[in-house]
file query.cif (mmCIF, C-alpha atoms and all ligand atoms)
data_target
loop_
_atom_site.label_atom_id
_atom_site.label_comp_id
_atom_site.auth_asym_id
_atom_site.auth_seq_id
_atom_site.Cartn_x
_atom_site.Cartn_y
_atom_site.Cartn_z
CA MET A 1 0.56 -10.13 20.13
CA GLN A 2 0.19 -6.39 20.79
CA ASN A 3 2.61 -5.16 18.15
CA ASN A 4 0.74 -5.49 14.88
CA ILE A 5 0.96 -2.65 12.41
CA LEU A 6 -2.03 -1.52 10.38
CA VAL A 7 -0.69 -0.68 6.93
CA ILE A 8 -2.74 1.78 4.89
CA ASN A 9 -2.35 2.56 1.19
CA CYS A 10 -4.91 5.16 0.25
CA GLY A 11 -5.88 6.12 -3.29
CA SER A 12 -8.38 8.76 -4.41
CA SER A 13 -11.27 6.27 -4.54
CA SER A 14 -9.76 3.25 -2.80
CA LEU A 15 -8.18 2.27 0.49
CA LYS A 16 -6.00 -0.83 0.73
CA PHE A 17 -5.13 -2.14 4.18
CA SER A 18 -3.32 -5.00 5.91
CA LEU A 19 -2.83 -5.86 9.54
CA VAL A 20 0.73 -7.17 9.62
CA ASN A 21 2.97 -8.79 12.21
CA PRO A 22 6.13 -6.71 11.61
CA ILE A 23 8.51 -9.42 12.78
CA SER A 24 7.23 -12.43 10.82
CA GLY A 25 5.50 -10.51 8.03
CA GLN A 26 2.32 -12.52 8.65
CA ASN A 27 -0.71 -10.86 7.11
CA ILE A 28 -3.46 -11.20 9.73
CA ILE A 29 -6.16 -9.46 7.75
CA SER A 30 -6.04 -7.60 4.47
CA GLY A 31 -8.53 -5.95 2.20
CA LEU A 32 -9.63 -3.15 0.01
CA ALA A 33 -12.34 -0.48 0.05
CA GLU A 34 -13.30 0.39 -3.51
CA CYS A 35 -15.54 2.81 -5.44
CA LEU A 36 -15.23 5.31 -2.56
CA LEU A 37 -17.16 8.58 -2.94
CA SER A 38 -19.80 6.76 -5.00
CA VAL A 39 -22.99 4.94 -3.96
CA ASP A 40 -21.35 1.67 -5.04
CA ALA A 41 -18.68 1.94 -2.32
CA PHE A 42 -17.83 -1.40 -0.68
CA ILE A 43 -15.14 -3.03 1.38
CA THR A 44 -13.70 -6.55 1.11
CA ILE A 45 -11.89 -8.09 4.06
CA LYS A 46 -9.78 -11.25 3.88
CA HIS A 47 -9.36 -12.97 7.22
CA GLN A 48 -8.49 -16.58 8.10
CA GLY A 49 -8.84 -17.72 4.49
CA GLU A 50 -12.32 -16.18 4.08
CA LYS A 51 -13.24 -13.15 2.00
CA LYS A 52 -16.14 -10.98 3.18
CA LYS A 53 -17.75 -8.09 1.34
CA PHE A 54 -19.75 -5.26 2.93
CA ASN A 55 -21.44 -2.27 1.29
CA LEU A 56 -20.36 1.04 2.80
CA PRO A 57 -22.90 3.60 4.08
CA THR A 58 -23.18 7.28 3.20
CA PRO A 59 -21.09 9.46 2.76
CA TYR A 60 -19.16 6.56 1.16
CA ASP A 61 -15.80 8.15 1.94
CA HIS A 62 -12.39 7.10 3.34
CA GLN A 63 -13.59 7.84 6.87
CA VAL A 64 -16.50 5.42 6.47
CA ALA A 65 -14.13 2.77 5.09
CA ILE A 66 -11.77 3.11 8.07
CA SER A 67 -14.71 2.99 10.49
CA ALA A 68 -15.97 -0.24 8.87
CA LEU A 69 -12.48 -1.70 9.18
CA VAL A 70 -12.25 -0.69 12.86
CA ASN A 71 -15.64 -2.24 13.61
CA TYR A 72 -14.41 -5.46 12.05
CA LEU A 73 -11.21 -5.32 14.14
CA ILE A 74 -13.25 -4.76 17.32
CA GLU A 75 -15.68 -7.61 16.54
CA ASN A 76 -12.72 -9.95 16.01
CA ASN A 77 -10.77 -8.81 19.09
CA LEU A 78 -7.99 -7.44 16.93
CA LYS A 79 -8.16 -3.70 17.60
CA GLU A 80 -6.07 -3.93 20.76
CA SER A 81 -3.36 -5.73 18.82
CA VAL A 82 -2.71 -2.66 16.65
CA SER A 83 0.28 -0.74 18.02
CA ALA A 84 0.75 1.78 15.20
CA LEU A 85 -0.21 2.65 11.64
CA GLY A 86 2.13 2.72 8.65
CA HIS A 87 1.01 4.78 5.66
CA ARG A 88 2.35 4.42 2.14
CA VAL A 89 2.95 7.97 0.94
CA VAL A 90 3.86 8.26 -2.71
CA HIS A 91 5.98 11.41 -2.84
CA GLY A 92 8.50 12.45 -0.21
CA GLY A 93 10.48 14.79 -2.48
CA GLU A 94 14.11 15.35 -1.50
CA LYS A 95 13.18 15.89 2.11
CA TYR A 96 12.14 12.39 3.14
CA SER A 97 14.51 9.48 2.64
CA GLN A 98 13.55 7.72 5.89
CA PRO A 99 10.37 6.50 7.61
CA THR A 100 8.90 9.54 9.38
CA LEU A 101 6.61 9.91 12.38
CA ILE A 102 3.58 11.89 11.24
CA ASN A 103 2.72 15.19 12.94
CA GLU A 104 1.09 18.41 11.73
CA ASP A 105 4.35 19.64 10.10
CA ILE A 106 4.81 16.39 8.19
CA LYS A 107 1.21 16.52 7.03
CA GLN A 108 1.85 20.03 5.73
CA SER A 109 4.96 18.81 3.87
CA ILE A 110 2.99 15.96 2.30
CA GLU A 111 0.40 18.52 1.23
CA GLN A 112 3.11 20.78 -0.25
CA LEU A 113 4.59 17.82 -2.13
CA SER A 114 1.19 17.32 -3.78
CA LYS A 115 2.37 19.56 -6.59
CA LEU A 116 4.79 16.76 -7.53
CA ALA A 117 2.18 13.99 -7.10
CA PRO A 118 -1.26 15.59 -7.53
CA LEU A 119 -3.04 12.26 -7.97
CA HIS A 120 -1.45 10.50 -5.01
CA ASN A 121 -0.31 12.69 -2.09
CA PRO A 122 -3.74 14.29 -1.46
CA ALA A 123 -5.27 10.80 -1.31
CA ASN A 124 -2.52 9.58 1.03
CA LEU A 125 -3.24 12.55 3.28
CA GLN A 126 -6.94 11.72 3.24
CA GLY A 127 -6.07 8.26 4.54
CA ILE A 128 -3.88 9.72 7.28
CA ASN A 129 -6.60 12.14 8.38
CA ALA A 130 -9.29 9.45 8.35
CA ALA A 131 -7.09 7.08 10.38
CA GLU A 132 -6.27 9.81 12.90
CA GLN A 133 -9.97 10.25 13.66
CA VAL A 134 -10.30 6.65 14.75
CA PHE A 135 -6.81 5.78 16.02
CA ASN A 136 -6.03 9.12 17.68
CA ASP A 137 -4.07 7.43 20.47
CA LEU A 138 -1.70 5.54 18.14
CA PRO A 139 1.46 6.73 16.34
CA GLN A 140 1.25 7.00 12.57
CA VAL A 141 4.30 6.69 10.35
CA ALA A 142 4.79 7.71 6.71
CA ILE A 143 6.84 5.43 4.45
CA PHE A 144 7.64 7.24 1.22
CA ASP A 145 7.67 5.44 -2.12
CA THR A 146 10.42 7.75 -3.33
CA ALA A 147 12.67 7.23 -0.27
CA PHE A 148 14.73 4.26 -1.52
CA HIS A 149 15.76 6.23 -4.61
CA GLN A 150 17.14 9.19 -2.66
CA SER A 151 20.57 7.53 -2.89
CA MET A 152 20.71 8.17 -6.66
CA PRO A 153 23.66 10.29 -7.77
CA LYS A 154 23.15 13.57 -9.62
CA ARG A 155 24.04 12.03 -12.98
CA SER A 156 20.97 9.77 -12.61
CA TYR A 157 18.42 12.14 -11.15
CA LEU A 158 19.09 15.35 -13.08
CA TYR A 159 17.45 16.01 -16.41
CA GLY A 160 19.27 17.83 -19.20
CA LEU A 161 17.16 20.91 -18.50
CA PRO A 162 18.07 24.46 -17.36
CA TYR A 163 19.54 23.92 -13.90
CA HIS A 164 17.30 26.48 -12.20
CA LEU A 165 14.29 24.24 -12.90
CA TYR A 166 15.88 21.75 -10.51
CA LYS A 167 17.23 24.27 -7.98
CA GLU A 168 14.11 26.42 -7.75
CA HIS A 169 11.33 23.99 -8.63
CA GLY A 170 12.62 20.53 -7.73
CA ILE A 171 12.25 19.22 -11.29
CA ARG A 172 14.31 16.02 -11.28
CA LYS A 173 13.86 12.25 -11.29
CA TYR A 174 12.52 10.94 -7.97
CA GLY A 175 11.47 7.39 -8.89
CA PHE A 176 8.70 5.30 -7.30
CA HIS A 177 8.02 1.68 -6.20
CA GLY A 178 10.97 2.21 -3.82
CA THR A 179 9.58 -0.03 -1.10
CA SER A 180 9.14 -2.88 -3.57
CA HIS A 181 12.63 -2.55 -5.09
CA TYR A 182 14.11 -2.42 -1.58
CA PHE A 183 12.22 -5.55 -0.48
CA VAL A 184 13.06 -7.74 -3.47
CA SER A 185 16.73 -6.72 -3.47
CA ARG A 186 16.97 -7.64 0.21
CA GLU A 187 15.36 -11.02 -0.50
CA ALA A 188 17.72 -11.63 -3.43
CA ALA A 189 20.70 -10.88 -1.17
CA LYS A 190 19.41 -13.60 1.19
CA ILE A 191 19.19 -16.05 -1.73
CA ILE A 192 22.87 -15.55 -2.64
CA ASN A 193 23.85 -15.35 1.00
CA LYS A 194 25.65 -12.01 0.72
CA PRO A 195 25.16 -8.83 2.77
CA SER A 196 22.80 -6.46 0.89
CA LYS A 197 25.43 -3.73 0.89
CA GLU A 198 27.75 -5.89 -1.21
CA CYS A 199 25.12 -6.81 -3.82
CA ASN A 200 24.53 -5.46 -7.32
CA PHE A 201 21.09 -6.12 -8.80
CA ILE A 202 18.74 -4.83 -11.43
CA SER A 203 15.12 -5.18 -10.35
CA ALA A 204 12.09 -5.00 -12.62
CA HIS A 205 8.77 -4.22 -10.91
CA LEU A 206 6.25 -5.05 -13.64
CA GLY A 207 2.62 -4.50 -12.71
CA ASN A 208 0.09 -2.04 -14.02
CA GLY A 209 2.82 0.51 -13.28
CA CYS A 210 6.34 -0.64 -14.21
CA SER A 211 9.80 0.43 -13.14
CA ILE A 212 13.35 -0.83 -13.46
CA THR A 213 15.97 -0.01 -10.80
CA ALA A 214 19.75 -0.37 -10.71
CA ILE A 215 20.80 -1.30 -7.17
CA LYS A 216 24.53 -0.98 -6.48
CA ASN A 217 25.95 -2.07 -3.14
CA GLY A 218 22.37 -2.30 -1.86
CA LYS A 219 21.43 1.25 -2.88
CA SER A 220 19.33 2.58 -5.72
CA VAL A 221 21.64 4.31 -8.22
CA ASP A 222 19.14 4.76 -11.05
CA THR A 223 15.50 4.05 -11.74
CA SER A 224 13.21 4.36 -14.73
CA LEU A 225 10.26 6.32 -13.29
CA GLY A 226 10.93 10.04 -13.07
CA LEU A 227 9.49 13.27 -11.72
CA THR A 228 6.15 11.52 -12.22
CA PRO A 229 5.25 7.85 -12.76
CA LEU A 230 5.10 8.43 -16.54
CA GLU A 231 8.78 8.14 -17.48
CA GLY A 232 10.62 4.96 -18.41
CA VAL A 233 9.29 1.71 -19.78
CA MET A 234 5.86 1.17 -21.31
CA MET A 235 3.18 0.28 -18.74
CA GLY A 236 -0.45 -0.87 -18.52
CA THR A 237 -1.98 2.44 -19.63
CA ARG A 238 1.05 4.78 -19.45
CA SER A 239 3.26 5.40 -22.48
CA GLY A 240 6.61 5.56 -20.68
CA ASP A 241 9.30 7.43 -22.63
CA VAL A 242 8.23 9.25 -25.76
CA ASP A 243 9.95 12.06 -27.62
CA PRO A 244 8.72 15.19 -25.74
CA GLY A 245 8.19 16.61 -29.24
CA VAL A 246 5.16 14.29 -29.51
CA ILE A 247 3.39 16.53 -26.99
CA PHE A 248 3.91 19.66 -29.12
CA HIS A 249 2.82 17.77 -32.19
CA LEU A 250 -0.39 16.62 -30.49
CA VAL A 251 -1.15 20.17 -29.35
CA ASP A 252 0.02 22.21 -32.34
CA GLN A 253 -0.89 19.89 -35.21
CA LEU A 254 -3.71 17.75 -33.89
CA GLY A 255 -5.44 20.29 -31.64
CA TYR A 256 -5.22 18.30 -28.38
CA THR A 257 -5.74 20.23 -25.15
CA LEU A 258 -3.12 19.71 -22.43
CA GLU A 259 -5.69 17.72 -20.47
CA GLU A 260 -6.22 15.43 -23.47
CA VAL A 261 -2.46 14.95 -23.84
CA ASN A 262 -2.20 14.11 -20.15
CA ASN A 263 -5.08 11.66 -20.42
CA THR A 264 -3.66 10.06 -23.56
CA LEU A 265 -0.17 9.53 -22.12
CA ASN A 266 -1.34 8.37 -18.68
CA LYS A 267 -4.57 6.48 -19.34
CA LYS A 268 -4.86 5.54 -23.00
CA SER A 269 -1.34 4.42 -23.92
CA GLY A 270 0.93 1.52 -22.95
CA LEU A 271 -0.38 -2.03 -23.33
CA LEU A 272 -3.92 -0.69 -23.66
CA GLY A 273 -3.06 1.87 -26.32
CA VAL A 274 -1.01 -0.44 -28.52
CA SER A 275 -3.14 -3.58 -28.14
CA GLN A 276 -6.38 -1.55 -28.52
CA LEU A 277 -7.81 -4.25 -26.31
CA SER A 278 -6.97 -4.04 -22.62
CA ASN A 279 -4.36 -2.98 -20.10
CA ASP A 280 -4.54 -6.43 -18.52
CA CYS A 281 -1.50 -8.48 -19.52
CA ARG A 282 -3.40 -11.77 -19.08
CA ALA A 283 -6.10 -10.73 -21.56
CA ILE A 284 -3.48 -9.54 -24.07
CA GLU A 285 -1.47 -12.76 -23.78
CA GLU A 286 -4.62 -14.80 -24.38
CA ALA A 287 -5.49 -12.71 -27.43
CA ALA A 288 -1.93 -13.00 -28.77
CA GLN A 289 -2.04 -16.77 -28.36
CA GLY A 290 -5.30 -16.74 -30.31
CA GLY A 291 -3.55 -14.99 -33.21
CA ASN A 292 -4.38 -11.33 -32.46
CA LYS A 293 -1.49 -9.48 -34.11
CA GLN A 294 -2.10 -6.17 -32.34
CA ALA A 295 -1.91 -7.96 -28.97
CA LEU A 296 1.39 -9.59 -29.96
CA LEU A 297 2.72 -6.21 -31.08
CA ALA A 298 1.85 -4.71 -27.66
CA LEU A 299 3.71 -7.51 -25.83
CA THR A 300 6.67 -7.22 -28.21
CA LEU A 301 7.01 -3.47 -27.60
CA PHE A 302 6.48 -3.90 -23.86
CA SER A 303 9.19 -6.53 -23.45
CA TYR A 304 11.69 -4.82 -25.79
CA ARG A 305 11.41 -1.54 -23.91
CA ILE A 306 11.96 -3.33 -20.62
CA ALA A 307 14.96 -5.28 -21.96
CA LYS A 308 16.42 -2.04 -23.33
CA SER A 309 16.02 -0.32 -19.95
CA ILE A 310 17.66 -3.25 -18.12
CA ALA A 311 20.54 -3.26 -20.62
CA SER A 312 21.02 0.50 -20.27
CA PHE A 313 21.18 0.24 -16.46
CA SER A 314 23.94 -2.35 -16.74
CA CYS A 315 26.35 0.57 -17.39
CA ASN A 316 26.27 1.20 -13.62
CA PHE A 317 28.08 -2.07 -12.88
CA THR A 318 31.31 -3.93 -13.46
CA SER A 319 29.64 -7.08 -12.11
CA LEU A 320 26.01 -8.02 -11.61
CA ASP A 321 24.71 -10.49 -9.00
CA GLY A 322 21.40 -10.89 -10.79
CA LEU A 323 18.12 -9.64 -12.19
CA ILE A 324 14.85 -9.72 -10.23
CA PHE A 325 11.29 -9.80 -11.57
CA THR A 326 8.39 -8.77 -9.35
CA GLY A 327 4.89 -7.18 -9.56
CA GLY A 328 1.77 -8.82 -11.07
CA ILE A 329 3.35 -9.37 -14.50
CA GLY A 330 6.89 -10.03 -13.24
CA GLU A 331 5.62 -12.61 -10.75
CA ASN A 332 3.22 -14.40 -13.09
CA SER A 333 3.99 -14.03 -16.77
CA ASN A 334 6.57 -16.57 -17.88
CA PHE A 335 5.86 -15.42 -21.45
CA ILE A 336 6.93 -11.80 -20.83
CA ARG A 337 9.91 -12.90 -18.71
CA ALA A 338 11.12 -15.22 -21.46
CA LEU A 339 10.76 -12.49 -24.10
CA ILE A 340 12.79 -10.07 -21.96
CA LEU A 341 15.55 -12.57 -21.13
CA SER A 342 15.89 -13.60 -24.78
CA GLN A 343 16.92 -10.00 -25.58
CA LEU A 344 19.57 -9.90 -22.86
CA SER A 345 21.99 -12.59 -24.03
CA LEU A 346 24.84 -10.06 -24.15
CA LEU A 347 24.46 -9.75 -20.36
CA ASN A 348 24.71 -13.54 -20.25
CA PHE A 349 21.07 -14.28 -19.39
CA THR A 350 19.73 -17.66 -20.51
CA GLU A 351 16.22 -18.70 -19.56
CA ASP A 352 15.61 -22.07 -17.93
CA SER A 353 12.25 -22.68 -19.56
CA LYS A 354 11.06 -25.27 -17.02
CA GLY A 355 12.07 -23.10 -14.05
CA ASN A 356 10.47 -20.06 -15.65
CA LYS A 357 7.15 -21.83 -16.22
CA ALA A 358 7.11 -22.97 -12.57
CA MET A 359 7.32 -19.42 -11.17
CA ARG A 360 3.73 -18.22 -10.88
CA PHE A 361 1.11 -17.43 -8.27
CA GLY A 362 3.44 -16.44 -5.45
CA ASN A 363 6.31 -18.87 -6.09
CA GLN A 364 9.84 -17.60 -5.62
CA GLY A 365 12.89 -18.94 -7.43
CA CYS A 366 15.49 -18.87 -10.15
CA ILE A 367 14.41 -18.91 -13.81
CA THR A 368 17.81 -19.05 -15.53
CA THR A 369 20.24 -21.88 -16.32
CA LYS A 370 23.25 -22.69 -14.12
CA ASP A 371 25.81 -20.89 -16.34
CA SER A 372 23.59 -17.81 -16.82
CA THR A 373 23.72 -14.58 -14.81
CA PRO A 374 20.99 -15.45 -12.27
CA CYS A 375 17.46 -14.11 -12.60
CA TRP A 376 14.86 -14.67 -9.91
CA VAL A 377 11.15 -14.17 -9.52
CA ILE A 378 10.54 -12.70 -6.08
CA PRO A 379 6.97 -11.80 -5.02
CA THR A 380 6.99 -8.31 -3.57
CA ASN A 381 5.71 -7.55 -0.08
CA GLU A 382 5.50 -3.79 0.37
CA GLU A 383 3.12 -4.19 3.32
CA TRP A 384 5.72 -6.08 5.29
CA VAL A 385 8.39 -3.43 4.66
CA ILE A 386 5.98 -0.67 5.73
CA ALA A 387 5.06 -2.61 8.90
CA GLU A 388 8.69 -3.43 9.67
CA GLN A 389 9.96 0.12 9.13
CA THR A 390 7.11 1.56 11.20
CA PHE A 391 7.88 -0.88 14.01
CA LYS A 392 11.63 -0.19 13.87
CA LEU A 393 11.18 3.58 13.88
CA LEU A 394 8.94 3.40 16.93
CA ASN A 395 11.31 1.02 18.68
CA LYS A 396 14.33 3.16 17.71
CA GLU A 397 16.06 0.37 15.81
CA ASN A 398 16.29 2.33 12.61
P1 LIG B 401 -0.08 -5.28 -10.21
O1 LIG B 401 -0.27 -3.84 -10.62
O2 LIG B 401 1.25 -5.57 -9.62
O3 LIG B 401 -1.23 -5.82 -9.40
O4 LIG B 401 -0.12 -6.13 -11.58
C1 LIG B 401 -1.22 -6.12 -12.44
C2 LIG B 401 -0.82 -6.76 -13.76
O5 LIG B 401 -0.36 -8.10 -13.54
C3 LIG B 401 -1.95 -6.84 -14.77
O6 LIG B 401 -1.50 -6.43 -16.05
C4 LIG B 401 -2.27 -8.32 -14.81
O7 LIG B 401 -2.78 -8.70 -16.05
C5 LIG B 401 -0.89 -8.92 -14.58
N1 LIG B 401 -1.01 -10.34 -14.20
C6 LIG B 401 -1.51 -10.87 -13.07
N2 LIG B 401 -1.52 -12.23 -13.15
C7 LIG B 401 -1.00 -12.55 -14.36
C8 LIG B 401 -0.76 -13.78 -15.06
N3 LIG B 401 -1.04 -14.97 -14.49
N4 LIG B 401 -0.21 -13.71 -16.30
C9 LIG B 401 0.08 -12.52 -16.87
N5 LIG B 401 -0.14 -11.33 -16.27
C10 LIG B 401 -0.67 -11.35 -15.05
#

call {"tool": "encode", "arguments": {"input": "query.cif", "output": "structure tokens"}}
result
Amino acid sequence: MQNNILVINCGSSSLKFSLVNPISGQNIISGLAECLLSVDAFITIKHQGEKKKFNLPTPYDHQVAISALVNYLIENNLKESVSALGHRVVHGGEKYSQPTLINEDIKQSIEQLSKLAPLHNPANLQGINAAEQVFNDLPQVAIFDTAFHQSMPKRSYLYGLPYHLYKEHGIRKYGFHGTSHYFVSREAAKIINKPSKECNFISAHLGNGCSITAIKNGKSVDTSLGLTPLEGVMMGTRSGDVDPGVIFHLVDQLGYTLEEVNNTLNKKSGLLGVSQLSNDCRAIEEAAQGGNKQALLALTLFSYRIAKSIASFSCNFTSLDGLIFTGGIGENSNFIRALILSQLSLLNFTEDSKGNKAMRFGNQGCITTKDSTPCWVIPTNEEWVIAEQTFKLLNKEN
């Protein structure tokens, strides 16, 4: 097989990768380089059911991580099977709603869009540059996390702010997790045996970052994340929606600097902030089961805010084909799913407790009763979408 796609998802100190068969979705190898730019940098590679860990040499950067990966591919006769690279790029602004072949102009655009995603786009670009050094003969494609949401109408993406802030500065809702929402909605359409473009779904991607999306006739018409990944429901460490007045109160009355506000809302809030324990849903559930009231309060807030967001998005539809849960929490926590469904009885959701408990660790299936509006757990597979879209673009099927 000469058509595998190397999928790269680069963060500021990490680099996630998968070698994917774009037709079958088979993951040939996958792994993660972590603690980059520190002496503790290492890479883990999963291949044929085995997990191997290697320390990375100086200068411990993304380039070194890619080189280690390439050496592994060469040693295992896999390098020649790579036909192209697909990069997850977080922010494509209004310009990029499709997979895009990377050239110098596109790299410049990604750089310019860094002002909308200062934590992500520069890291994505680092991954692209590092990969170009080693795979200079192969095409590289950018798949933007915002792209799926470019179909949102104005009423969804505009804020109630002075209009020039949108026109001149691009301040609007863009949304994220687009690749994941696209994938699970397509899978749900297969389950009900209907063409995607005739399906109405609400999808809930619940991981460390969380977002809800309304998908009408196969297209995103609203989503909970905004200009940045801070808007919407409560997340692992992010607050989600708060009264913007809270920011002025923190600064004017409590003496916070803007950096401290930023840090509080992005890194110290959400499940971590309320539970005062952890951002890890598993740990909080365990504590709540052991009687920790603060942990239970965190889960109660988390699930109510998600249920409220799902209910509010229902105003986009006159009929709904179903609700989809995905992401680490959505795929594994029957407790959170049950809490959310129990608050959505007006939308005719009734949990099937046995079915719900069975959906964990990569299982896919329905978790509601026969007379309920259906709700499914569908494990996401962003890597496959990135590989498939890269392959299709290069083979002009898009
Ligand atoms: P993600 O960002 O999609 O990798 O999801 C990470 C989140 O999924 C963390 O909050 C984990 O605690 C949560 N998670 C993973 N497995 C489970 C589980 N079995 N039960 C509850 N939460 C889980």

call {"tool": "residues_near_ligand", "arguments": {"input": "query.cif", "ligand": "ligand LIG 401 (chain B)", "cutoff": "6 Å", "atoms": "all atoms listed in the file", "output": "list in words"}}
result
Gly207, Asn208, Gly209, Asp280, Cys281, Arg282, Gly327, Gly328, Ile329, Asn332 and Ser333 of chain A

call {"tool": "closest_residue", "arguments": {"input": "query.cif", "among": "A:Thr373, A:Ser303, A:Ser114, A:Asn316", "to": "Ala338 of chain A", "atoms": "all atoms listed in the file"}}
result
A:Ser303

call {"tool": "residues_around", "arguments": {"input": "query.cif", "residues": "segment 383-393 of chain A", "least_positions_apart": "4", "cutoff": "10 Å", "atoms": "all atoms listed in the file", "output": "number ranges by chain"}}
result
A: 3-9, 17-27, 30, 83-88, 98-101, 139-144, 179-180, 182-183, 397-398

call {"tool": "closest_atom_pairs", "arguments": {"input": "query.cif", "of": "segment 289-358 of chain A", "to": "segment 198-204 of chain A", "cutoff": "8 Å", "atoms": "all atoms listed in the file", "output": "Markdown table"}}
result
| residue | atom | partner | partner_atom | distance |
| --- | --- | --- | --- | --- |
| A:Ile310 | CA | A:Ile202 | CA | 7.0 |
| A:Phe313 | CA | A:Ile202 | CA | 7.5 |
| A:Ser314 | CA | A:Ile202 | CA | 7.8 |
| A:Phe317 | CA | A:Asn200 | CA | 7.4 |
| A:Ser319 | CA | A:Asn200 | CA | 7.2 |
| A:Leu320 | CA | A:Asn200 | CA | 5.2 |
| A:Asp321 | CA | A:Asn200 | CA | 5.3 |
| A:Gly322 | CA | A:Phe201 | CA | 5.2 |
| A:Leu323 | CA | A:Ile202 | CA | 4.9 |
| A:Ile324 | CA | A:Ser203 | CA | 4.5 |
| A:Phe325 | CA | A:Ala204 | CA | 5.0 |
| A:Thr326 | CA | A:Ala204 | CA | 6.2 |
| A:Gly330 | CA | A:Ala204 | CA | 7.3 |

call {"tool": "closest_residue", "arguments": {"input": "query.cif", "among": "A:Phe349, A:Tyr304, A:Phe176, A:Tyr157", "to": "Asp371 of chain A", "atoms": "all atoms listed in the file"}}
result
A:Phe349

call {"tool": "atom_distance", "arguments": {"input": "query.cif", "atom1": "atom CA of Ser342 of chain A", "atom2": "atom CA of Ser312 of chain A"}}
result
15.7 Å

call {"tool": "atom_distance", "arguments": {"input": "query.cif", "atom1": "atom CA of Ser275 of chain A", "atom2": "atom CA of Gly291 of chain A"}}
result
12.5 Å

call {"tool": "residues_near_point", "arguments": {"input": "query.cif", "point": "(-8.0, -3.6, 17.2)", "cutoff": "10 Å", "atoms": "all atoms listed in the file", "output": "number ranges by chain"}}
result
A: 2, 4, 6, 19, 69-83, 135

call {"tool": "atom_distance", "arguments": {"input": "query.cif", "atom1": "atom CA of Phe361 of chain A", "atom2": "atom CA of Trp376 of chain A"}}
result
14.1 Å

call {"tool": "residues_around", "arguments": {"input": "query.cif", "residues": "Gly170 of chain A", "least_positions_apart": "4", "cutoff": "12 Å", "atoms": "only C-alpha atoms", "output": "list of chain:residue names"}}
result
A:Gly92, A:Gly93, A:Glu94, A:Lys95, A:Leu113, A:Lys115, A:Leu116, A:Tyr157, A:Leu158, A:Tyr159, A:Leu161, A:Pro162, A:Tyr163, A:His164, A:Leu165, A:Tyr166, A:Tyr174, A:Gly226, A:Leu227, A:Thr228
